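Enquirer: Okay, so here is run.txt, and as you'll see once you scroll down, it has compact mmCIF, C-alpha atoms and all ligand atoms.
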```
# COMPACT_ATOMS: atom_id res chain seq x y z
CA LYS X 1 130.75 2.12 -71.96
CA ARG X 2 129.50 -0.04 -69.10
CA ARG X 3 132.48 1.00 -66.95
CA ALA X 4 131.75 4.67 -67.63
CA HIS X 5 128.16 4.09 -66.55
CA ILE X 6 129.24 2.44 -63.28
CA ARG X 7 131.69 5.28 -62.58
CA GLN X 8 128.95 7.85 -63.19
CA LYS X 9 126.63 6.02 -60.76
CA GLU X 10 129.37 5.91 -58.11
CA SER X 11 130.02 9.63 -58.52
CA GLN X 12 126.31 10.38 -58.17
CA GLY X 13 126.23 8.31 -54.98
CA LEU X 14 129.17 10.26 -53.52
CA LEU X 15 127.58 13.56 -54.49
CA ASP X 16 124.26 12.57 -52.86
CA LYS X 17 126.14 11.70 -49.65
CA ALA X 18 128.03 15.01 -49.74
CA ILE X 19 124.80 16.99 -50.18
CA GLU X 20 123.22 15.09 -47.29
CA SER X 21 126.18 15.87 -45.01
CA VAL X 22 126.06 19.64 -45.65
CA GLU X 23 122.29 19.94 -45.25
CA SER X 24 122.57 20.11 -41.45
CA LEU X 25 125.02 23.01 -41.76
CA GLU X 26 122.57 24.94 -43.91
CA GLU X 27 120.04 24.81 -41.08
CA GLU X 28 122.30 26.92 -38.82
CA LYS X 29 121.19 30.41 -39.81
CA ASP X 30 122.04 33.99 -38.88
CA ASP X 31 125.57 33.38 -37.63
CA ILE X 32 126.89 36.73 -38.72
CA ARG X 33 129.20 38.74 -36.45
CA GLU X 34 129.01 42.53 -36.19
CA GLY X 35 132.52 43.51 -37.31
CA ILE X 36 135.60 42.52 -35.36
CA GLU X 37 133.88 43.42 -32.10
CA GLY X 38 131.38 40.65 -32.80
CA CYS X 39 134.29 38.21 -32.80
CA ILE X 40 135.30 39.00 -29.21
CA GLY X 41 134.48 36.43 -26.52
CA ASN X 42 132.86 32.98 -26.73
CA THR X 43 136.28 31.42 -27.27
CA PRO X 44 136.60 27.62 -27.38
CA LEU X 45 137.69 25.59 -24.37
CA ILE X 46 140.29 23.11 -25.61
CA LYS X 47 141.22 19.86 -23.89
CA ILE X 48 145.00 19.62 -24.09
CA LYS X 49 145.30 15.94 -24.82
CA SER X 50 149.00 15.40 -24.14
CA LEU X 51 148.93 17.06 -20.71
CA SER X 52 145.66 15.38 -19.78
CA ASP X 53 146.98 11.93 -20.77
CA ALA X 54 150.25 12.49 -18.91
CA THR X 55 148.64 13.65 -15.64
CA GLY X 56 145.34 11.75 -15.52
CA CYS X 57 143.63 15.11 -14.99
CA GLU X 58 141.59 16.96 -17.56
CA ILE X 59 143.61 20.04 -18.49
CA LEU X 60 141.41 22.48 -20.35
CA ALA X 61 142.57 25.77 -21.86
CA LYS X 62 140.45 28.69 -22.98
CA ALA X 63 141.72 29.64 -26.42
CA GLU X 64 141.83 33.39 -25.88
CA PHE X 65 144.17 33.86 -28.84
CA LEU X 66 141.07 33.21 -30.97
CA ASN X 67 139.48 36.51 -29.93
CA GLY X 68 139.03 38.17 -33.27
CA ALA X 69 140.22 41.78 -32.90
CA GLY X 70 143.69 41.75 -31.32
CA ASN X 71 143.86 37.97 -30.79
CA SER X 72 144.24 37.87 -27.01
CA PRO X 73 142.08 38.14 -23.86
CA LYS X 74 142.79 41.87 -23.95
CA ASP X 75 140.14 42.22 -26.67
CA ARG X 76 137.55 41.77 -23.94
CA VAL X 77 139.24 44.38 -21.76
CA ALA X 78 139.82 46.96 -24.50
CA LEU X 79 136.19 46.74 -25.60
CA SER X 80 134.98 47.00 -22.00
CA ILE X 81 137.17 50.08 -21.33
CA ILE X 82 135.94 51.82 -24.49
CA GLN X 83 132.28 50.97 -23.89
CA MET X 84 132.44 52.22 -20.29
CA ALA X 85 134.13 55.47 -21.38
CA GLU X 86 131.50 56.01 -24.11
CA GLU X 87 128.68 55.40 -21.61
CA ARG X 88 130.22 58.05 -19.35
CA GLY X 89 130.59 60.51 -22.24
CA LEU X 90 134.39 60.44 -22.02
CA LEU X 91 134.72 59.27 -25.64
CA ILE X 92 132.55 59.88 -28.69
CA PRO X 93 132.80 57.39 -31.58
CA HIS X 94 134.18 58.66 -34.89
CA SER X 95 135.17 61.95 -33.27
CA GLY X 96 138.91 61.35 -33.63
CA ASP X 97 139.37 61.20 -29.82
CA THR X 98 142.64 59.63 -28.68
CA ILE X 99 143.05 56.70 -26.28
CA TYR X 100 146.38 56.52 -24.39
CA GLU X 101 147.60 53.31 -22.80
CA GLY X 102 150.63 51.82 -21.12
CA THR X 103 150.92 48.17 -22.14
CA VAL X 104 153.45 45.43 -22.77
CA GLY X 105 151.64 44.92 -26.06
CA SER X 106 148.46 42.86 -26.02
CA THR X 107 146.14 45.54 -24.63
CA GLY X 108 147.62 48.07 -27.05
CA ILE X 109 147.03 45.77 -30.01
CA SER X 110 143.40 45.18 -28.98
CA LEU X 111 142.83 48.89 -28.39
CA ALA X 112 144.45 49.86 -31.70
CA ALA X 113 142.21 47.47 -33.68
CA ILE X 114 139.00 48.54 -31.92
CA CYS X 115 140.03 52.22 -32.19
CA GLN X 116 140.16 51.86 -35.97
CA ALA X 117 136.71 50.27 -36.00
CA ARG X 118 135.23 53.02 -33.80
CA GLY X 119 137.02 56.03 -35.25
CA TYR X 120 139.52 56.76 -32.46
CA LYS X 121 143.27 57.24 -32.42
CA ALA X 122 145.50 55.02 -30.26
CA HIS X 123 148.70 56.20 -28.57
CA ILE X 124 150.62 53.33 -26.98
CA CYS X 125 153.53 53.50 -24.52
CA MET X 126 155.42 50.23 -23.99
CA PRO X 127 158.74 48.95 -22.63
CA ASN X 128 161.40 48.64 -25.35
CA ASP X 129 162.39 45.10 -24.36
CA MET X 130 159.14 43.55 -25.54
CA ALA X 131 159.15 41.42 -28.71
CA VAL X 132 159.44 43.68 -31.74
CA GLU X 133 156.51 41.88 -33.40
CA LYS X 134 154.19 43.69 -31.00
CA SER X 135 155.35 47.24 -31.79
CA ASP X 136 155.46 46.40 -35.52
CA LEU X 137 151.88 45.19 -35.35
CA LEU X 138 150.81 48.31 -33.44
CA LEU X 139 152.31 50.55 -36.12
CA LYS X 140 150.55 48.60 -38.88
CA LEU X 141 147.30 49.03 -36.94
CA GLY X 142 147.84 52.79 -37.14
CA ALA X 143 148.77 53.40 -33.49
CA GLU X 144 151.34 55.93 -32.40
CA VAL X 145 153.97 54.00 -30.43
CA GLU X 146 156.45 55.21 -27.80
CA ARG X 147 158.94 52.57 -26.66
CA VAL X 148 160.65 53.40 -23.37
CA ARG X 149 163.34 51.76 -21.28
CA PRO X 150 162.05 49.33 -18.62
CA ALA X 151 161.71 51.13 -15.29
CA PRO X 152 160.02 50.74 -11.90
CA ILE X 153 156.64 52.37 -11.30
CA VAL X 154 158.25 55.15 -9.21
CA ASP X 155 160.01 56.39 -12.39
CA GLN X 156 157.93 59.10 -14.10
CA ASP X 157 158.85 57.71 -17.53
CA GLN X 158 157.75 54.15 -16.70
CA PHE X 159 155.43 53.13 -19.55
CA VAL X 160 152.17 53.38 -17.58
CA ASN X 161 153.13 56.74 -16.04
CA LEU X 162 154.12 58.06 -19.45
CA ALA X 163 150.78 57.07 -21.02
CA SER X 164 148.91 58.75 -18.18
CA ARG X 165 151.01 61.91 -18.63
CA ARG X 166 150.46 61.94 -22.40
CA ALA X 167 146.69 61.85 -21.82
CA ILE X 168 146.93 64.79 -19.42
CA GLU X 169 149.11 66.70 -21.92
CA HIS X 170 146.43 66.09 -24.53
CA THR X 171 143.54 67.35 -22.41
CA THR X 172 145.44 70.46 -21.28
CA ASN X 173 146.63 71.37 -24.80
CA ALA X 174 144.02 73.53 -26.52
CA ASN X 175 145.58 72.81 -29.92
CA LYS X 176 145.04 69.04 -29.65
CA PRO X 177 141.83 67.97 -31.41
CA GLY X 178 139.24 65.84 -29.59
CA ARG X 179 139.41 64.31 -26.14
CA GLY X 180 142.27 62.36 -24.64
CA LEU X 181 141.53 59.33 -22.45
CA PHE X 182 143.94 57.26 -20.36
CA ALA X 183 142.63 53.67 -20.63
CA ASP X 184 144.35 52.65 -17.36
CA GLN X 185 144.02 48.84 -17.63
CA PHE X 186 145.87 48.23 -14.34
CA GLU X 187 143.48 50.29 -12.21
CA THR X 188 140.15 50.41 -14.05
CA GLU X 189 137.26 48.20 -12.96
CA ALA X 190 136.33 47.85 -16.66
CA ASN X 191 139.17 45.29 -16.83
CA TRP X 192 138.14 42.70 -14.23
CA ARG X 193 134.49 43.29 -15.09
CA ALA X 194 135.15 42.10 -18.66
CA HIS X 195 136.32 38.76 -17.26
CA TYR X 196 133.59 38.69 -14.60
CA SER X 197 130.90 39.08 -17.24
CA GLY X 198 132.64 37.16 -20.07
CA THR X 199 135.50 34.76 -19.39
CA GLY X 200 134.13 33.51 -16.03
CA PRO X 201 130.56 32.71 -17.14
CA GLU X 202 131.86 31.17 -20.37
CA ILE X 203 134.13 28.80 -18.40
CA TYR X 204 131.22 27.90 -16.11
CA GLY X 205 128.94 27.22 -19.07
CA GLN X 206 131.51 25.27 -21.08
CA THR X 207 132.34 22.96 -18.18
CA GLY X 208 128.78 22.71 -16.91
CA GLY X 209 130.17 24.08 -13.65
CA HIS X 210 132.39 20.98 -13.25
CA LEU X 211 135.92 22.18 -12.53
CA ASP X 212 138.29 21.82 -9.60
CA ALA X 213 140.84 24.54 -10.26
CA PHE X 214 141.48 27.68 -12.27
CA VAL X 215 145.09 28.69 -12.85
CA SER X 216 146.41 31.83 -14.54
CA GLY X 217 149.27 34.29 -14.57
CA ALA X 218 148.62 37.92 -13.70
CA GLY X 219 149.78 41.10 -15.39
CA THR X 220 147.10 43.56 -14.39
CA GLY X 221 145.39 40.75 -12.48
CA GLY X 222 142.10 41.42 -14.29
CA THR X 223 141.75 37.88 -15.64
CA LEU X 224 142.47 36.10 -12.36
CA SER X 225 140.28 38.43 -10.29
CA GLY X 226 137.37 38.64 -12.73
CA VAL X 227 137.17 34.88 -13.24
CA ALA X 228 137.65 34.14 -9.51
CA LEU X 229 135.03 36.69 -8.46
CA TYR X 230 132.52 35.02 -10.79
CA LEU X 231 133.35 31.36 -10.15
CA LYS X 232 134.16 31.21 -6.42
CA PRO X 233 130.68 32.06 -5.09
CA LYS X 234 129.24 29.35 -7.36
CA LEU X 235 131.99 26.80 -6.67
CA PRO X 236 133.30 27.38 -3.13
CA ASN X 237 135.69 24.41 -3.39
CA LEU X 238 137.33 25.75 -6.55
CA LYS X 239 141.08 26.24 -6.15
CA VAL X 240 142.27 29.51 -7.69
CA VAL X 241 146.00 29.46 -8.38
CA LEU X 242 148.39 32.15 -9.58
CA ALA X 243 151.13 31.17 -12.07
CA ASP X 244 154.06 33.54 -11.62
CA PRO X 245 157.24 34.12 -13.69
CA PRO X 246 160.75 35.09 -12.48
CA GLY X 247 161.10 38.47 -10.79
CA SER X 248 157.43 38.93 -10.04
CA GLY X 249 156.49 39.84 -6.47
CA LEU X 250 153.00 38.35 -6.68
CA TYR X 251 154.15 34.83 -5.78
CA ASN X 252 155.50 36.09 -2.46
CA ARG X 253 152.40 38.23 -1.96
CA VAL X 254 150.18 35.15 -2.23
CA LYS X 255 152.51 32.76 -0.35
CA PHE X 256 153.88 34.97 2.42
CA GLY X 257 151.71 38.11 2.39
CA VAL X 258 154.56 40.43 1.33
CA MET X 259 155.88 41.36 -2.10
CA PHE X 260 159.57 40.83 -1.36
CA ASN X 261 161.43 38.74 1.16
CA ASN X 262 164.41 36.45 1.25
CA LYS X 263 162.47 33.25 1.66
CA GLU X 264 162.26 32.97 -2.10
CA LYS X 265 165.33 34.10 -3.95
CA GLU X 266 163.90 35.09 -7.32
CA GLY X 267 161.38 37.36 -5.64
CA THR X 268 164.16 39.57 -4.30
CA ARG X 269 164.93 40.85 -7.80
CA ARG X 270 162.33 43.16 -9.32
CA ARG X 271 160.44 42.28 -12.49
CA HIS X 272 162.04 45.05 -14.60
CA GLN X 273 165.54 43.97 -13.48
CA VAL X 274 165.14 40.31 -14.32
CA ASP X 275 166.19 39.23 -17.77
CA THR X 276 163.21 36.95 -18.33
CA ILE X 277 161.82 36.17 -21.76
CA ILE X 278 158.29 35.83 -20.39
CA GLU X 279 156.06 38.74 -21.38
CA GLY X 280 152.70 40.00 -20.17
CA ILE X 281 152.62 38.50 -16.68
CA GLY X 282 154.43 39.20 -13.42
CA ILE X 283 154.48 42.53 -11.62
CA ASN X 284 155.85 44.10 -8.43
CA ARG X 285 152.87 46.02 -7.15
CA VAL X 286 149.33 45.21 -6.12
CA THR X 287 147.09 46.86 -8.69
CA HIS X 288 143.36 47.43 -8.19
CA ASN X 289 142.68 44.60 -10.63
CA PHE X 290 144.77 42.14 -8.60
CA ASP X 291 143.60 43.46 -5.23
CA VAL X 292 139.89 43.09 -5.97
CA GLY X 293 140.22 39.30 -6.21
CA ARG X 294 143.30 38.81 -4.01
CA GLU X 295 141.51 37.11 -1.13
CA LEU X 296 140.15 34.46 -3.50
CA ILE X 297 143.60 33.23 -4.57
CA ASP X 298 144.42 29.98 -2.78
CA ASP X 299 147.96 29.32 -3.92
CA ALA X 300 150.79 30.36 -6.23
CA ILE X 301 153.14 28.37 -8.47
CA ARG X 302 156.49 29.72 -9.64
CA VAL X 303 157.45 28.97 -13.25
CA THR X 304 160.95 29.46 -14.72
CA ASP X 305 161.90 30.57 -18.24
CA ASP X 306 163.23 27.10 -19.08
CA GLN X 307 160.05 25.42 -17.92
CA ALA X 308 158.03 27.81 -20.10
CA ILE X 309 160.22 27.21 -23.17
CA GLY X 310 160.11 23.46 -22.62
CA MET X 311 156.33 23.54 -22.33
CA ALA X 312 155.92 25.72 -25.44
CA LYS X 313 157.90 23.19 -27.45
CA TRP X 314 156.05 20.29 -25.86
CA LEU X 315 152.69 21.80 -26.90
CA VAL X 316 153.85 22.12 -30.51
CA GLU X 317 155.36 18.65 -30.67
CA ASN X 318 152.48 16.84 -29.01
CA ASP X 319 149.38 18.89 -29.73
CA GLY X 320 150.19 21.23 -32.62
CA ILE X 321 149.46 24.20 -30.34
CA PHE X 322 151.77 27.19 -30.97
CA VAL X 323 151.57 29.76 -28.18
CA GLY X 324 153.44 32.62 -26.54
CA SER X 325 155.22 32.80 -23.21
CA SER X 326 152.37 33.53 -20.79
CA SER X 327 150.32 30.63 -22.21
CA ALA X 328 153.30 28.34 -21.70
CA VAL X 329 153.64 29.52 -18.09
CA ASN X 330 149.95 28.81 -17.54
CA CYS X 331 150.32 25.27 -18.90
CA VAL X 332 153.39 24.55 -16.74
CA ALA X 333 151.46 25.68 -13.66
CA ALA X 334 148.36 23.70 -14.67
CA THR X 335 150.49 20.56 -15.08
CA LYS X 336 152.27 21.08 -11.74
CA LEU X 337 148.89 21.57 -10.10
CA ALA X 338 147.57 18.39 -11.72
CA LYS X 339 150.50 16.49 -10.18
CA GLN X 340 149.74 18.06 -6.78
CA LEU X 341 146.01 17.31 -6.90
CA GLY X 342 146.38 13.81 -8.37
CA PRO X 343 144.45 12.13 -11.20
CA GLY X 344 140.75 12.72 -11.80
CA HIS X 345 140.64 16.49 -11.41
CA ARG X 346 139.64 19.08 -13.95
CA ILE X 347 141.84 22.16 -14.29
CA VAL X 348 141.09 25.20 -16.45
CA THR X 349 143.70 27.66 -17.70
CA LEU X 350 144.16 30.13 -20.57
CA LEU X 351 146.05 30.22 -23.85
CA CYS X 352 146.58 33.98 -24.17
CA ASP X 353 148.30 34.61 -27.46
CA SER X 354 149.99 32.99 -30.44
CA GLY X 355 153.67 32.12 -30.67
CA ALA X 356 153.76 34.22 -33.84
CA ARG X 357 153.86 37.31 -31.61
CA HIS X 358 156.95 35.98 -29.82
CA LEU X 359 159.17 34.72 -32.65
CA SER X 360 161.98 37.21 -32.10
CA LYS X 361 162.25 36.81 -28.32
CA PHE X 362 160.65 33.87 -26.51
CA TRP X 363 160.73 31.49 -29.47
CA ALA X 364 164.12 32.77 -30.65
CA SER X 365 165.64 31.32 -27.51
CA THR X 366 164.48 27.78 -28.24
CA GLU X 367 166.08 25.04 -30.29
CA PRO X 368 164.04 24.30 -33.41
CA VAL X 369 161.18 21.94 -32.69
CA GLY X 370 162.36 18.35 -33.16
CA GLY X 371 165.90 19.67 -32.69
CA ALA X 372 169.12 17.92 -31.83
CA GLU X 373 168.45 17.12 -28.19
CA GLY X 374 165.63 14.71 -29.08
CA ASP X 375 162.38 14.20 -27.20
CA ILE X 376 162.05 15.84 -23.82
CA SER X 377 160.01 14.34 -21.03
CA LEU X 378 157.32 16.29 -19.24
CA ASP X 379 159.01 15.61 -15.89
CA ALA X 380 162.29 17.04 -17.21
CA ILE X 381 160.43 20.20 -18.29
CA LEU X 382 158.77 20.62 -14.91
CA GLU X 383 162.07 20.17 -13.08
CA SER X 384 164.22 22.61 -15.13
CA ARG X 385 165.28 25.36 -12.78
CA SER X 386 166.88 28.32 -14.55
N1 LIG B 401 149.14 37.11 -21.29
C1 LIG B 401 149.50 38.12 -22.07
C2 LIG B 401 150.13 37.83 -23.40
C3 LIG B 401 149.30 39.43 -21.66
O1 LIG B 401 149.69 40.45 -22.43
C4 LIG B 401 148.69 39.66 -20.39
C5 LIG B 401 148.40 41.05 -19.90
N2 LIG B 401 149.42 41.96 -19.93
C6 LIG B 401 148.36 38.59 -19.60
C7 LIG B 401 148.58 37.32 -20.08
C8 LIG B 401 147.82 38.77 -18.19
O2 LIG B 401 146.47 39.14 -18.09
P1 LIG B 401 145.96 40.12 -16.96
O3 LIG B 401 146.42 41.50 -17.29
O4 LIG B 401 144.47 40.01 -17.01
O5 LIG B 401 146.49 39.70 -15.64
```
Represent the structure from my file as structure tokens, please.
Ligand code: PMP
Expert:
Amino acid sequence: KRRAHIRQKESQGLLDKAIESVESLEEEKDDIREGIEGCIGNTPLIKIKSLSDATGCEILAKAEFLNGAGNSPKDRVALSIIQMAEERGLLIPHSGDTIYEGTVGSTGISLAAICQARGYKAHICMPNDMAVEKSDLLLKLGAEVERVRPAPIVDQDQFVNLASRRAIEHTTNANKPGRGLFADQFETEANWRAHYSGTGPEIYGQTGGHLDAFVSGAGTGGTLSGVALYLKPKLPNLKVVLADPPGSGLYNRVKFGVMFNNKEKEGTRRRHQVDTIIEGIGINRVTHNFDVGRELIDDAIRVTDDQAIGMAKWLVENDGIFVGSSSAVNCVAATKLAKQLGPGHRIVTLLCDSGARHLSKFWASTEPVGGAEGDISLDAILESRS
């Protein structure tokens, strides 16, 4: 009986402690988000412990895969494009208007989700060599999807050209209901502005303005330009660095002022001809979104497929972070930069999307984590060439 009494007293004590510990949570009121759009932006900035410990720098990554609509930084861009079009009267919510876009996936996924929330249709054109998870997801989100063969921008059926043409076909066809809008992420200012007014200020706030470098890959260039345009005037000593995958001409553009030359071998083969498993970054033309921030880019770092795969596995094995290919490229470049700058610096980069979106392509090419070859060293990852 006495033992039962003691046990009851102990339980009461534990319960009292538990109540005390949740009371502070109860004080935080009114944290309710307005639909999925309310879950876009204000993403956490994560210190990547393994890379920070290994380099003596603080390597921080903005967890953009935690954006709550399409789970990538493109949520910010898709929302910005739609809001700007609505302000200009080019789209009317819940009217059944159709948004057309050429995308390697992420922007399409963000658009498709927001389209459902705002009562639009989404029509997505994408290259057919992108991970099948992306087109599957688009279909489940109710988008119409056209997958086309990879082609250079001069080809009229290149995915961006096709999306633009489909929008024109819509607007000139009297039988098509509603308006048709080409979202045009590569050329629209709504893209870099989303990062100028969101990603950039968030990074500044989260670091208290204390950072030495920002490093990111570029697809449209909207992220790099928008963040650089916001941060550079405030932090003139900030180093802005492009991370570039195989076949992309941007590395040469930043390093040598031309898209293609023979000084750097990989750059002589065009992005759509290179059999890389890295998706979402790397391009062979200067888009408006890249051009608007081009002068603010201080340097470029080339990253190979093997380096990206090695880094993706490293992040799982050491930090429990499971990301896709462009995030892995960003982390390789951030680590190389940390080695260049030396210990004591703070470098910010982005984690763009989850590895779950890359299981059939990028992750399919890796050995299982903890696989036969044993632990890999960070230096071995950074030195792998192919
Ligand atoms: N990561 C992923 C997964 C992407 O899809 C993209 C854009 N295509 C980027 C990075 C690059 O971002 P930005 O277009 O702003 O250069």
Enquirer: Write out as a list in words each polymer residue (protein, DNA or RNA) that has an atom no more than 7 Å from ligand LIG 401 (chain B), with all atoms listed in the file counted.
Expert: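 Checking all atoms listed in the file against ligand LIG 401 (chain B) at 7 Å gives Ser72, Lys74, Thr103, Val104, Gly105, Ser106, Thr107, Gly217, Ala218, Gly219, Thr220, Gly221, Gly222, Thr223, Leu224, Glu279, Gly280, Ile281, Gly324, Ser326, Ser327, Cys352 and Asp353 of chain X.
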Enquirer: Nearest residue to X:Thr335 out of X:Leu162, X:Ile376, X:Val215, X:Ile277, using only C-alpha atoms?
Expert: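 When distances to X:Thr335 are compared using only C-alpha atoms, the smallest one comes from X:Val215.
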Enquirer: Distance table requested - stretch 204-280 of chain X against stretch 39-46 of chain X, cut-off 12 Å, all atoms listed in the file: one row per qualifying residue with the closest atom pair and its distance in Å to one decimal, ordered by chain and rising residue number, as a tab-separated table.
Expert:
```
residue	atom	partner	partner_atom	distance
X:Tyr204	CA	X:Leu45	CA	10.7
X:Gly205	CA	X:Asn42	CA	10.4
X:Gln206	CA	X:Leu45	CA	7.0
X:Thr207	CA	X:Leu45	CA	8.6
X:Gly208	CA	X:Leu45	CA	12.0
```
Enquirer: Counting all atoms listed in the file, figure out which residue out of X:Asp184, X:Leu359, X:Ile48, X:Arg166 gets nearest to X:Ala63.
Expert: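 The answer is X:Ile48, which sits nearest to X:Ala63.
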Enquirer: I'd like to know which of X:Phe322, X:Phe159, X:Phe362, X:Phe260 is closest to X:Ala308, using all atoms listed in the file.
Expert: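 Checking each of X:Phe322, X:Phe159, X:Phe362, X:Phe260 against X:Ala308, counting all atoms listed in the file, the winner is X:Phe362.
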Enquirer: In file coordinates, which residues lie within 8 Å of (156.7, 39.4, -7.3) using only C-alpha atoms, given as a PDB file with C-alpha atoms, in the coordinates of the input?
Expert:
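That gives us point08.pdb:
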```pdb
ATOM      1  CA  ASP X 244     154.060  33.540 -11.620  1.00  0.00           C
ATOM      2  CA  PRO X 246     160.750  35.090 -12.480  1.00  0.00           C
ATOM      3  CA  GLY X 247     161.100  38.470 -10.790  1.00  0.00           C
ATOM      4  CA  SER X 248     157.430  38.930 -10.040  1.00  0.00           C
ATOM      5  CA  GLY X 249     156.490  39.840  -6.470  1.00  0.00           C
ATOM      6  CA  LEU X 250     153.000  38.350  -6.680  1.00  0.00           C
ATOM      7  CA  TYR X 251     154.150  34.830  -5.780  1.00  0.00           C
ATOM      8  CA  ASN X 252     155.500  36.090  -2.460  1.00  0.00           C
ATOM      9  CA  ARG X 253     152.400  38.230  -1.960  1.00  0.00           C
ATOM     10  CA  MET X 259     155.880  41.360  -2.100  1.00  0.00           C
ATOM     11  CA  PHE X 260     159.570  40.830  -1.360  1.00  0.00           C
ATOM     12  CA  GLY X 267     161.380  37.360  -5.640  1.00  0.00           C
ATOM     13  CA  ARG X 270     162.330  43.160  -9.320  1.00  0.00           C
ATOM     14  CA  ARG X 271     160.440  42.280 -12.490  1.00  0.00           C
ATOM     15  CA  GLY X 282     154.430  39.200 -13.420  1.00  0.00           C
ATOM     16  CA  ILE X 283     154.480  42.530 -11.620  1.00  0.00           C
ATOM     17  CA  ASN X 284     155.850  44.100  -8.430  1.00  0.00           C
ATOM     18  CA  ARG X 285     152.870  46.020  -7.150  1.00  0.00           C
TER      19      ARG X 285
END
```
Enquirer: Please provide the set of residues having any atom within 7 Å of stretch 83-92 of chain X, restricted to only C-alpha atoms, with same-chain residues fewer than 4 positions apart removed, written as a list in words.
Expert: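 In the requested format, the answer is Leu79, Asp97, Arg179 and Ala190 of chain X.
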Enquirer: Where does stretch 87-114 of chain X meet stretch 127-146 of chain X within 10 Å, residue by residue, with the nearest atom pair and distance in Å to one decimal for each, counting all atoms listed in the file, listed by chain and rising number, as JSON lines?
Expert:
```
{"residue": "X:Thr98", "atom": "CA", "partner": "X:Ala143", "partner_atom": "CA", "distance": 10.0}
{"residue": "X:Ile99", "atom": "CA", "partner": "X:Ala143", "partner_atom": "CA", "distance": 9.8}
{"residue": "X:Tyr100", "atom": "CA", "partner": "X:Glu144", "partner_atom": "CA", "distance": 9.4}
{"residue": "X:Glu101", "atom": "CA", "partner": "X:Val145", "partner_atom": "CA", "distance": 10.0}
{"residue": "X:Gly102", "atom": "CA", "partner": "X:Pro127", "partner_atom": "CA", "distance": 8.7}
{"residue": "X:Thr103", "atom": "CA", "partner": "X:Pro127", "partner_atom": "CA", "distance": 7.9}
{"residue": "X:Val104", "atom": "CA", "partner": "X:Pro127", "partner_atom": "CA", "distance": 6.4}
{"residue": "X:Gly105", "atom": "CA", "partner": "X:Lys134", "partner_atom": "CA", "distance": 5.7}
{"residue": "X:Ser106", "atom": "CA", "partner": "X:Lys134", "partner_atom": "CA", "distance": 7.6}
{"residue": "X:Gly108", "atom": "CA", "partner": "X:Leu138", "partner_atom": "CA", "distance": 7.1}
{"residue": "X:Ile109", "atom": "CA", "partner": "X:Leu138", "partner_atom": "CA", "distance": 5.7}
{"residue": "X:Ser110", "atom": "CA", "partner": "X:Leu138", "partner_atom": "CA", "distance": 9.2}
{"residue": "X:Leu111", "atom": "CA", "partner": "X:Ala143", "partner_atom": "CA", "distance": 9.0}
{"residue": "X:Ala112", "atom": "CA", "partner": "X:Ala143", "partner_atom": "CA", "distance": 5.9}
{"residue": "X:Ala113", "atom": "CA", "partner": "X:Leu141", "partner_atom": "CA", "distance": 6.2}
{"residue": "X:Ile114", "atom": "CA", "partner": "X:Leu141", "partner_atom": "CA", "distance": 9.7}
```
Enquirer: Mind giving me the straight-line distance from atom CA of X:Tyr196 to atom CA of X:Leu211 in Å, one decimal?
Expert: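 Result for atom CA of X:Tyr196 versus atom CA of X:Leu211: 16.8 Å, one decimal.
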Enquirer: Between X:Ala380, X:Ala364, X:Ile19, X:Leu25, which one has atoms that come closest to X:Met311, using all atoms listed in the file?
Expert: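 Using all atoms listed in the file, X:Met311 sits closest to X:Ala380.
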Enquirer: Name all residues at most 12 Å from X:Gln340 (count only C-alpha atoms; drop same-chain ones fewer than 5 positions away) and give them as a PyMOL selection string.
Expert: chain X and resi 55-57+213+239+299+301+333-335+345+347
Enquirer: Could you work out how far atom CA of X:Arg385 lies from atom CA of X:Asp275, giving the answer in Å with one decimal?
Expert: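 Separating atom CA of X:Asp275 from atom CA of X:Arg385 is a distance of 14.8 Å.
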